Structures are given as structure tokens and as C-alpha cells.
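Note sheet for the following structure.
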Amino acid sequence: MDAIKIQLPHTVQPRAENANDGAVSRTMQPIVTGTSVVAFKYKDGIMMAADTLASYGSLARFRSEKRLMAVGDNTLVGVSGDLSDFQYMQHVLEDLETRELCMDDDQTLGTKSVYKYISNIMYNRRTKVDPLWNSYVVAGLDHDEKFLGFVDLYGTRYQSPTIATGFGAHLAQPILRKRVEGREDEIEEEEALAILDDCMRVLFYRDARSFNKLRRAKVTAQGVEISEPYSLETNWDFAESIVGYGG
Amino acid sequence: MTSIGTGYDLSVSTYSPDGRIFQVEYAQKAVDNSGTAIGLRVKDGVVLAVEKIKHSRLLVPESNRRIMTAAKHVGIVSAGWMSDTRHLVKRAREESRNYHDTYKRDVPAKILAERMGMYKQVYTLYSAVRPFGVGTIMASYDADGPQLYMVEPSGQYFGYHGCAAGKGKQVAKTEIEKLKLSEMTVREAIKEAARIIYSAHDETKDKLFELELSWVCEESGRKHQRVPKELIEEAIQYAERALDEDDDEMDDDEE
């Protein structure tokens with residue numbers, strides 16, 4: 001005899017296998033992401049670069065996103081990781097700027113304050129086990145002192161004369177160690193631009209989530225300047241000589 | 001005042017037989033006792049100016065500011081009780097932030113004026129509250145260009161080319177009407193604003209005052225901020241010169 005199948009009315013559903021019984025699940029992974037940010041100190045201030053790609057997994061989903069932003073008059077923020085989390089952070093920072101403006105006390109938002117503010121938010125969110133899935137690079141001139149700092153999704157922070165996030169930490173950081181560290185006060189703008197482009201070129205060659213359309217930015221005594229998107233000269237001749245899986 | 005003793009002015013929830021709400025009119029009186037505040041909307045921006053009357057020489061110059069910023073692109077100057085004003089500016093900041101949180105766009109001046117109007121209006125409905133003794137002048141630069149609104153204690157609000165509130169509002173309005181606002185630049189408007197505040201100032205009543213000036217314009221990057229010191233100095237010189245010339249003319253007439 002055939003087994004009797006009971007059809008439940010549609011309003012009474014059997015409990016789903018993955019019912020969470022009141023447990024809350026937070027962001028488990030980033031969705032739309034930006035890749036590396038590269039930044040370092042040079043003679044006149046700080047240089048930073050990031051490409052304009054927003055990837056959806058391995059899909060190159062949005063190709064002209066801005067991952068560098070100015071906060072106040074002399075602070076530059078670069079971001080990698082989840083871009084919707086960055087948009088949220090952007091909103092929070094804009095609010096901070098407005099509040100500062102409304103104070104009308106002849107004080108401006110300093111780089112160190114912005115850095116601490118961002119890292120507090122990041123640490124606070126990781127403490128709720130609901131982190132903002134980003135790495136932030138904060139750069140600026142605070143009372144004529146060059147500042148460059150990093151914050152990640154745990155709220156970990158460190159300052160260094162050279163910083164590279166994401167894949168850049170593996171591919172660009174060694175270049176920066178060699179060409180920048182110890183010489184931060186000597187590097188002229190022209191050389192700084194060359195170093196930045198070399199880093200971004202290496203990243204474009206090897207990081208499959210990168211893109212050859214990027215912006216660079218600098219913070220100097222004149223304030224923050226973020227460039228329009230540009231592309232790098234590349235040469236793929238070497239590809240001819242690569243044979244096998246590694247190519 | 002005919003309203004006194006009639007019993008119709010005891011509550012904001014009572015009309016007089018001829019359809020007036022005296023408590024709201026009294027609030028307007030509180031506005032009329034204040035130092036003069038004006039707003040000028042010109043082709044490339046808006047200028048706010050106020051005669052800040054000082055009750056003591058011991059006050060720190062530039063303290064107790066009467067022009068405040070409600071959002072990046074919105075400036076507020078009011079005539080009336082400063083304590084009420086601070087509360088309303090706080091509210092305006094909350095409204096603009098709320099709008100920005102919802103729409104990710106700067107709040108248009110018209111909508112902020114409307115919300116401020118609604119807020120004030122609510123305080124004309126219940127016997128447990130009193131209306132705000134404040135006339136609020138709002139300067140803004142939004143997607144539709146420079147904007148100037150004034151919200152009254154009743155909650156009524158209008159958009160203006162030029163407006164004035166406070167003690168010298170009659171003098172100020174007459175002077176503003178003579179200006180060709182739509183052809184003026186903010187640079188010219190700050191001078192005229194200074195002149196109008198100086199001419200509306202009544203030395204026999206209040207001796208000490210300070211001129212406060214702010215702008216939202218192309219030059220300030222569509223942000224509301226204080227007018228730079230040099231320009232204020234220049235404007236004050238212009239105002240004083242204009243007043244002297246007026247006095248001379250009057251002397252000539254008498255001769």
C-alpha cells in the first residue's frame with residue numbers, strides 16, 4: 001500500500017531545517033568588495049591610491065566606484081572590503097563633519113580624531129560580533145605632522161610610514177619597504193607618484209580583483225586632493241614565456 | 001491692549017470672539033522686542049545679519065552668537081528669545097539630519113521651513129504649552145539655488161527675497177525694498193546688510209551692539225559660514241560712512 005501523504009494547509013509549515021530559534025546571525029562575509037589601498041608618507045605629505053572596481057565575488061560588477069574620501073579639510077580616508085559598509089561609514093563621517101561645523105567654534109576636525117573615531121566604531125561593531133567588513137587607511141596632516149594609520153574590521157590599529165591593505169599587504173608592501181621606508185622625508189612628489197604607480201601596476205598584474213582604472217590622492221599642507229580616474233601603462237609580453245599552470 | 005482683562009488671552013486654546021489667538025500675538029510681541037535680524041537673498045547667495053544688543057561691556061566680543069548653523073548649507077538667525085531659538089535650532093539640526101539619513105540628500109529649504117513651521121504650530125494648540133517667542137529666518141543654498149524663509153511664532157512661513165524681524169523691522173523693510181536684490185551679489189549684499197542694521201539701530205534705546213554677518217553662497221562653496229573678518233570690517237566702514245552722509249544731508253536740510 002502506498003504511504004499516505006498528509007498535505008498541510010499552506011499556513012502551517014513544518015519548521016525549516018535551518019530555523020534559528022531566536023539566534024541572530026550577522027554579516028558572515030563581505031558581498032560587494034573593493035581591493036587594495038596603498039599609501040605612504042613622502043616629503044610633502046601622504047600619497048594614497050585605490051582602483052575604482054567594486055567586485056561581486058569574482059565578477060567585476062561596478063567599475064567606477066570611489067574608494068577614497070576626504071573628511072574635513074586635511075584628512076584622507078581610503079577603504080577596502082565591503083563597499084556597502086563603507087557607504088555606511090561615509091554617512092557616519094558626513095554626520096560627524098556636520099556636527100563639527102554646527103559647533104562653530106573655530107576648531108576643525110583633526111586627522112587623529114577621525115582615525116580614533118573610525119577605529120572606535122570598528123571596535124564597537126566587532127564587539128557586537130557584527131563587524132563592518134573593511135580595512136581603513138587614514139592619512140592626513142595634523143598640526144603639520146604627517147599621519148598615516150590603519151584600522152581593520154576587528155578595530156586593530158597601527159601607524160606606519162607605509163601601509164597597504166588586502167593583497168597590497170603581500171604585493172605592494174615589500175616594494176614600499178624597499179623604496180620608501182627610511183626615506184619618507186626625502187621622496188619628492190615625482191618619485192612618490194612613480195612608486196605609487198609601480199605598486200598599483202604590480203597589483204593589477206597579479207591581483208585578480210584589481211582593475212586598471214584608479215584614483216590617487218594626496219594630503220599636503222594645501223589640503224586633500226583626489227585625482228580623476230586614470231590608467232597605467234602595462235606590458236603583457238612576459239605572458240608569452242609563461243607555460244603551464246602558473247601562467 | 002484691548003485683549004487684557006477680557007479673559008480671551010489666558011490660553012492658546014481659546015479664540016477671542018473676533019477670531020484671534022492673543023497668546024500667539026503676544027509671542028509675536030516678544031519677537032518685536034528683539035535686536036533687528038535681516039536676511040537678503042541675492043543672485044549668488046543669501047546673507048544674514050543681526051544687531052546683537054549687548055547688555056554689558058564685560059561680555060567677550062563675538063560671544064553669545066545669534067546666527068547659527070543648522071546644516072552644512074543652512075544658516076538660522078532669529079529675533080526673539082535666545083533660549084527658545086537654541087531649542088528650535090536644535091530641532092532644525094535634527095530635522096536636517098533625519099532628512100539626510102532617509103534620503104542621503106541635503107534637506108531642501110522649503111521642506112525644512114515646512115517642518116519648522118509644523119513644529120512651531122503645534123505649540124499654538126494646547127493650553128499646557130506656550131508658543132515660541134521667536135521669528136526664525138533661514139538661509140539656505142539647495143538644488144534650486146539660494147533660498148530665504150522666515151517662520152513666525154504662529155507657524156506660518158513664507159519664502160522671501162528679503163525679510164526682517166525685531167525692533168527695527170519697519171526701518172529695515174523700507175530699506176530692503178529699495179534694493180535691487182535680484183541683481184545684487186553677496187559681496188554687495190553684506191555691505192547693504194551692514195548699513196541696514198546700522199540704520200535700524202536706535203542709539204537712544206540700546207547703546208552697545210555687535211553686528212553679526214553670515215552667508216551661504218557660491219563663494220563659500222554653498223556652505224553656511226561667518227563672513228570673513230576683513231569683509232565685515234569693510235562692510236562696517238561702508239555702513240558708518242553711509243550713516244554719516246545721511247546725517248550731513250539732514251543737517252543741510254535744516255539749514
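Ligands are numbered from 1 in the order shown, residues from 1 within each chain, and chains are lettered A, B, ... in the order they appear in the C-alpha cells.
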* Asked: Got a sec to pull out which chain B residues are within 7 Å of chain A, counting only C-alpha atoms, and send them as a list in words?
  -> Thr69, Ala70, Ala71 and Lys72 of chain B
Selected residues written out with all heavy atoms, as a JSON list (two decimals), in the first residue's frame:
[["chain", "number", "residue", "atom", "x", "y", "z"],
["B", 69, "THR", "N", 24.35, 77.62, 12.70],
["B", 69, "THR", "CA", 24.31, 76.72, 11.56],
["B", 69, "THR", "C", 23.46, 75.51, 11.89],
["B", 69, "THR", "O", 23.68, 74.87, 12.91],
["B", 69, "THR", "CB", 25.74, 76.27, 11.21],
["B", 69, "THR", "OG1", 26.54, 77.44, 11.03],
["B", 69, "THR", "CG2", 25.78, 75.45, 9.95],
["B", 70, "ALA", "N", 22.49, 75.21, 11.02],
["B", 70, "ALA", "CA", 21.60, 74.07, 11.27],
["B", 70, "ALA", "C", 22.05, 72.84, 10.49],
["B", 70, "ALA", "O", 21.85, 71.71, 10.91],
["B", 70, "ALA", "CB", 20.17, 74.42, 10.91],
["B", 71, "ALA", "N", 22.63, 73.07, 9.31],
["B", 71, "ALA", "CA", 23.21, 72.01, 8.50],
["B", 71, "ALA", "C", 24.29, 72.69, 7.67],
["B", 71, "ALA", "O", 24.36, 73.91, 7.67],
["B", 71, "ALA", "CB", 22.16, 71.39, 7.59],
["B", 72, "LYS", "N", 25.08, 71.88, 6.97],
["B", 72, "LYS", "CA", 26.17, 72.47, 6.17],
["B", 72, "LYS", "C", 25.70, 73.68, 5.36],
["B", 72, "LYS", "O", 26.37, 74.68, 5.28],
["B", 72, "LYS", "CB", 26.69, 71.43, 5.18],
["B", 72, "LYS", "CG", 27.87, 70.63, 5.67],
["B", 72, "LYS", "CD", 28.67, 70.06, 4.53],
["B", 72, "LYS", "CE", 27.90, 69.05, 3.71],
["B", 72, "LYS", "NZ", 28.14, 67.67, 3.96]]
Segment 226-236 of chain A surroundings by only C-alpha atoms, 8 Å radius, close-in-sequence under 6 positions cut, as a CSV table (one decimal) with C-alpha atoms, in the first residue's frame:
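File result.csv, as written:
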chain,number,residue,atom,x,y,z
A,52,THR,CA,37.7,52.0,-8.9
A,68,LEU,CA,38.9,57.4,-1.4
A,69,MET,CA,37.2,60.2,0.5
A,197,ASP,CA,52.1,53.6,-9.9
A,201,ARG,CA,50.9,48.1,-11.6
A,212,ASN,CA,43.4,49.3,-14.4
A,213,LYS,CA,41.3,52.4,-13.6
A,214,LEU,CA,42.4,54.0,-10.4
A,215,ARG,CA,42.5,57.2,-8.5
A,216,ARG,CA,45.3,58.6,-6.5
A,217,ALA,CA,45.2,61.2,-3.8
A,218,LYS,CA,47.5,63.3,-1.7
* Nearby residues (only C-alpha atoms) at most 10 Å from segment 184-194 of chain B, same-chain spacing under 5 positions excluded, as a ChimeraX atom specification -> /B:37-51,172,175-176,179,199-200,211-219,227,231-240,242
* Asked: Any idea what's packed within 8 Å of segment 123-127 of chain A, counting only C-alpha atoms, ignoring anything in its chain fewer than 2 positions away? Could you give it as a list in words?
  ->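 Listing them by chain and then by number gives Ser119, Asn120, Ile121, Val129, Asp130, Pro131, Leu132, Leu153, Tyr154, Gly155 and Thr156 of chain A.
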Spatial neighbours of Arg130 of chain B, max dist 10 Å, only C-alpha atoms, sep filter under 3 positions, as a compact mmCIF listing (two decimals) with all heavy atoms, in the first residue's frame:
# COMPACT_ATOMS: atom_id res chain seq x y z
N SER B 11 -5.25 81.54 27.43
CA SER B 11 -4.76 80.26 26.91
C SER B 11 -4.65 80.33 25.40
O SER B 11 -5.42 81.01 24.72
CB SER B 11 -5.73 79.14 27.29
OG SER B 11 -5.48 78.01 26.50
N VAL B 12 -3.73 79.55 24.92
CA VAL B 12 -3.54 79.49 23.48
C VAL B 12 -4.65 78.65 22.85
O VAL B 12 -4.85 78.67 21.64
CB VAL B 12 -2.12 78.92 23.20
CG1 VAL B 12 -2.10 77.42 23.21
CG2 VAL B 12 -1.55 79.49 21.93
N GLN B 23 -2.48 84.82 22.67
CA GLN B 23 -1.18 84.32 23.11
C GLN B 23 -0.17 84.27 21.95
O GLN B 23 1.00 84.53 22.14
CB GLN B 23 -1.31 82.94 23.76
CG GLN B 23 -1.81 82.98 25.19
CD GLN B 23 -0.86 83.70 26.14
OE1 GLN B 23 0.36 83.66 25.96
NE2 GLN B 23 -1.39 84.37 27.14
N VAL B 24 -0.68 83.95 20.77
CA VAL B 24 0.22 83.92 19.62
C VAL B 24 0.66 85.34 19.27
O VAL B 24 1.82 85.58 18.92
CB VAL B 24 -0.46 83.23 18.41
CG1 VAL B 24 0.41 83.32 17.17
CG2 VAL B 24 -0.76 81.78 18.72
N ALA B 27 3.33 86.38 21.58
CA ALA B 27 4.61 85.77 21.19
C ALA B 27 5.28 86.64 20.11
O ALA B 27 6.48 86.86 20.13
CB ALA B 27 4.40 84.36 20.69
N LYS B 120 6.45 74.63 15.19
CA LYS B 120 6.00 75.81 15.94
C LYS B 120 4.48 75.83 16.09
O LYS B 120 3.96 76.22 17.13
CB LYS B 120 6.46 77.08 15.21
CG LYS B 120 7.90 77.47 15.48
CD LYS B 120 8.13 78.84 14.89
CE LYS B 120 9.52 79.35 15.14
NZ LYS B 120 9.70 80.69 14.59
N VAL B 122 2.38 73.46 16.39
CA VAL B 122 1.90 72.55 17.44
C VAL B 122 1.85 73.26 18.79
O VAL B 122 0.98 72.98 19.62
CB VAL B 122 2.79 71.29 17.48
CG1 VAL B 122 2.55 70.48 18.74
CG2 VAL B 122 2.51 70.43 16.26
N TYR B 123 2.78 74.21 18.98
CA TYR B 123 2.82 74.94 20.25
C TYR B 123 1.78 76.07 20.29
O TYR B 123 1.81 76.91 21.18
CB TYR B 123 4.24 75.47 20.50
CG TYR B 123 5.17 74.38 20.96
CD1 TYR B 123 5.67 73.43 20.07
CD2 TYR B 123 5.52 74.27 22.30
CE1 TYR B 123 6.50 72.41 20.49
CE2 TYR B 123 6.36 73.27 22.74
CZ TYR B 123 6.84 72.33 21.83
OH TYR B 123 7.67 71.32 22.27
N THR B 124 0.89 76.12 19.33
CA THR B 124 -0.22 77.08 19.39
C THR B 124 -1.53 76.35 19.62
O THR B 124 -2.61 76.92 19.46
CB THR B 124 -0.33 77.89 18.08
OG1 THR B 124 -0.77 77.02 17.04
CG2 THR B 124 0.99 78.52 17.69
N LEU B 125 -1.46 75.06 19.96
CA LEU B 125 -2.68 74.26 20.03
C LEU B 125 -3.12 73.90 21.44
O LEU B 125 -4.30 73.68 21.68
CB LEU B 125 -2.50 72.96 19.25
CG LEU B 125 -2.32 73.08 17.74
CD1 LEU B 125 -2.02 71.71 17.16
CD2 LEU B 125 -3.55 73.67 17.10
N TYR B 126 -2.19 73.80 22.36
CA TYR B 126 -2.53 73.24 23.67
C TYR B 126 -2.34 74.25 24.80
O TYR B 126 -1.39 75.03 24.78
CB TYR B 126 -1.67 72.01 23.95
CG TYR B 126 -1.71 71.01 22.83
CD1 TYR B 126 -0.68 70.93 21.90
CD2 TYR B 126 -2.81 70.17 22.67
CE1 TYR B 126 -0.72 70.03 20.84
CE2 TYR B 126 -2.87 69.26 21.63
CZ TYR B 126 -1.82 69.19 20.71
OH TYR B 126 -1.87 68.30 19.68
N SER B 127 -3.22 74.19 25.76
CA SER B 127 -3.16 75.16 26.86
C SER B 127 -1.97 74.90 27.78
O SER B 127 -1.58 75.75 28.55
CB SER B 127 -4.45 75.13 27.65
OG SER B 127 -4.70 73.81 28.06
N GLY B 133 8.55 82.35 21.29
CA GLY B 133 8.70 83.78 21.08
C GLY B 133 9.85 84.07 20.13
O GLY B 133 10.76 84.81 20.46
* Could you pull out the helix (DSSP H, G or I) residues of segment 153-247 of chain A from DSSP and send them as a ChimeraX atom specification? -> /A:168-171,173-179,189-206,237-241
Restrict the selected residues to N, CA and C atoms and save them as a CSV table (one decimal), in the first residue's frame.
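As a result, result_20.csv now contains:
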chain,number,residue,atom,x,y,z
A,168,GLY,N,47.5,44.1,-1.4
A,168,GLY,CA,48.6,45.0,-1.4
A,168,GLY,C,49.6,44.7,-0.2
A,169,ALA,N,49.1,44.2,0.9
A,169,ALA,CA,49.9,43.9,2.0
A,169,ALA,C,51.0,42.8,1.6
A,170,HIS,N,50.6,42.0,0.7
A,170,HIS,CA,51.6,41.0,0.2
A,170,HIS,C,52.4,41.5,-1.0
A,171,LEU,N,51.8,42.2,-1.9
A,171,LEU,CA,52.4,42.5,-3.2
A,171,LEU,C,53.0,43.9,-3.2
A,173,GLN,N,53.5,46.0,-0.3
A,173,GLN,CA,54.3,46.3,1.0
A,173,GLN,C,55.8,46.1,0.8
A,174,PRO,N,56.2,45.0,0.2
A,174,PRO,CA,57.7,44.8,0.0
A,174,PRO,C,58.3,45.9,-0.8
A,175,ILE,N,57.6,46.4,-1.8
A,175,ILE,CA,58.1,47.5,-2.7
A,175,ILE,C,58.2,48.7,-1.8
A,176,LEU,N,57.2,49.0,-1.0
A,176,LEU,CA,57.2,50.2,-0.2
A,176,LEU,C,58.3,50.1,0.9
A,177,ARG,N,58.6,48.9,1.4
A,177,ARG,CA,59.6,48.7,2.4
A,177,ARG,C,61.0,49.1,1.8
A,178,LYS,N,61.2,48.7,0.6
A,178,LYS,CA,62.4,48.9,-0.1
A,178,LYS,C,62.6,50.4,-0.5
A,179,ARG,N,61.5,50.9,-1.1
A,179,ARG,CA,61.7,52.2,-1.8
A,179,ARG,C,61.3,53.4,-0.9
A,189,GLU,N,57.6,64.6,-4.9
A,189,GLU,CA,56.3,64.2,-5.4
A,189,GLU,C,56.5,63.3,-6.6
A,190,GLU,N,57.4,63.7,-7.5
A,190,GLU,CA,57.6,62.9,-8.8
A,190,GLU,C,57.9,61.5,-8.5
A,191,GLU,N,58.9,61.3,-7.6
A,191,GLU,CA,59.3,59.9,-7.2
A,191,GLU,C,58.1,59.2,-6.5
A,192,ALA,N,57.4,59.9,-5.7
A,192,ALA,CA,56.3,59.3,-5.0
A,192,ALA,C,55.2,58.7,-5.9
A,193,LEU,N,55.0,59.5,-7.0
A,193,LEU,CA,54.0,59.1,-8.0
A,193,LEU,C,54.5,57.9,-8.7
A,194,ALA,N,55.8,57.8,-9.0
A,194,ALA,CA,56.3,56.6,-9.7
A,194,ALA,C,56.2,55.4,-8.8
A,195,ILE,N,56.5,55.5,-7.5
A,195,ILE,CA,56.4,54.4,-6.6
A,195,ILE,C,55.0,53.9,-6.5
A,196,LEU,N,54.1,54.9,-6.4
A,196,LEU,CA,52.6,54.5,-6.3
A,196,LEU,C,52.2,53.8,-7.5
A,197,ASP,N,52.6,54.3,-8.7
A,197,ASP,CA,52.1,53.6,-9.9
A,197,ASP,C,52.8,52.2,-10.1
A,198,ASP,N,54.0,52.1,-9.6
A,198,ASP,CA,54.7,50.8,-9.7
A,198,ASP,C,53.9,49.8,-8.8
A,199,CYS,N,53.5,50.2,-7.6
A,199,CYS,CA,52.8,49.3,-6.7
A,199,CYS,C,51.5,48.9,-7.4
A,200,MET,N,50.8,49.9,-7.9
A,200,MET,CA,49.4,49.6,-8.4
A,200,MET,C,49.6,48.7,-9.7
A,201,ARG,N,50.7,48.9,-10.4
A,201,ARG,CA,50.9,48.1,-11.6
A,201,ARG,C,51.1,46.6,-11.2
A,202,VAL,N,51.9,46.4,-10.2
A,202,VAL,CA,52.2,45.0,-9.8
A,202,VAL,C,50.8,44.4,-9.3
A,203,LEU,N,50.1,45.2,-8.6
A,203,LEU,CA,48.8,44.7,-8.1
A,203,LEU,C,47.8,44.4,-9.2
A,204,PHE,N,47.9,45.2,-10.3
A,204,PHE,CA,47.0,44.9,-11.4
A,204,PHE,C,47.4,43.7,-12.1
A,205,TYR,N,48.8,43.5,-12.2
A,205,TYR,CA,49.3,42.2,-12.9
A,205,TYR,C,48.8,41.0,-12.1
A,206,ARG,N,48.9,41.0,-10.8
A,206,ARG,CA,48.7,39.8,-10.0
A,206,ARG,C,47.4,39.6,-9.3
A,237,ASP,N,53.9,41.3,-22.5
A,237,ASP,CA,54.8,40.4,-23.3
A,237,ASP,C,55.3,39.2,-22.6
A,238,PHE,N,55.5,39.4,-21.3
A,238,PHE,CA,56.1,38.3,-20.5
A,238,PHE,C,55.2,37.1,-20.5
A,239,ALA,N,53.9,37.3,-20.7
A,239,ALA,CA,52.9,36.2,-20.6
A,239,ALA,C,53.3,35.2,-21.7
A,240,GLU,N,53.9,35.6,-22.8
A,240,GLU,CA,54.3,34.6,-23.8
A,240,GLU,C,55.2,33.5,-23.3
A,241,SER,N,56.0,33.9,-22.4
A,241,SER,CA,57.0,32.9,-21.9
A,241,SER,C,56.5,32.0,-20.8
* May I have the residues within 7 Å of segment 75-85 of chain B as number ranges by chain, using only C-alpha atoms and disregarding those fewer than 5 positions away in the same chain? => B: 30-31, 33-37, 48, 66-70, 132-140, 165-166, 224
* To do: Determine, counting only C-alpha atoms, which protein, DNA and RNA residues have an atom within 8 Å of an atom of Tyr160 of chain B; residues of the same chain fewer than 5 positions away are not included. Present the result as number ranges by chain.
  => B: 41, 147-150
Any chance you can output those residues with N, CA and C atoms as an mmCIF file, in the first residue's frame?
data_model
loop_
_atom_site.group_PDB
_atom_site.id
_atom_site.type_symbol
_atom_site.label_atom_id
_atom_site.label_comp_id
_atom_site.auth_asym_id
_atom_site.auth_seq_id
_atom_site.Cartn_x
_atom_site.Cartn_y
_atom_site.Cartn_z
ATOM 1 N N ARG B 41 18.230 87.749 0.064
ATOM 2 C CA ARG B 41 18.513 86.724 -0.935
ATOM 3 C C ARG B 41 18.902 87.409 -2.235
ATOM 4 N N GLN B 147 18.026 80.300 -1.081
ATOM 5 C CA GLN B 147 16.664 80.319 -0.540
ATOM 6 C C GLN B 147 16.629 81.087 0.772
ATOM 7 N N LEU B 148 15.536 81.791 0.976
ATOM 8 C CA LEU B 148 15.357 82.525 2.226
ATOM 9 C C LEU B 148 13.927 82.336 2.722
ATOM 10 N N TYR B 149 13.793 81.857 3.953
ATOM 11 C CA TYR B 149 12.460 81.641 4.526
ATOM 12 C C TYR B 149 12.396 82.269 5.908
ATOM 13 N N MET B 150 11.205 82.704 6.301
ATOM 14 C CA MET B 150 11.025 83.135 7.686
ATOM 15 C C MET B 150 9.813 82.431 8.271
#
* Taking only C-alpha atoms into account, which of A:Glu184, A:Asp152, A:Glu145, A:Glu65 comes nearest Ala39 of chain A? ->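 Looking only at the distances to Ala39 of chain A, the closest residue turns out to be A:Glu184.
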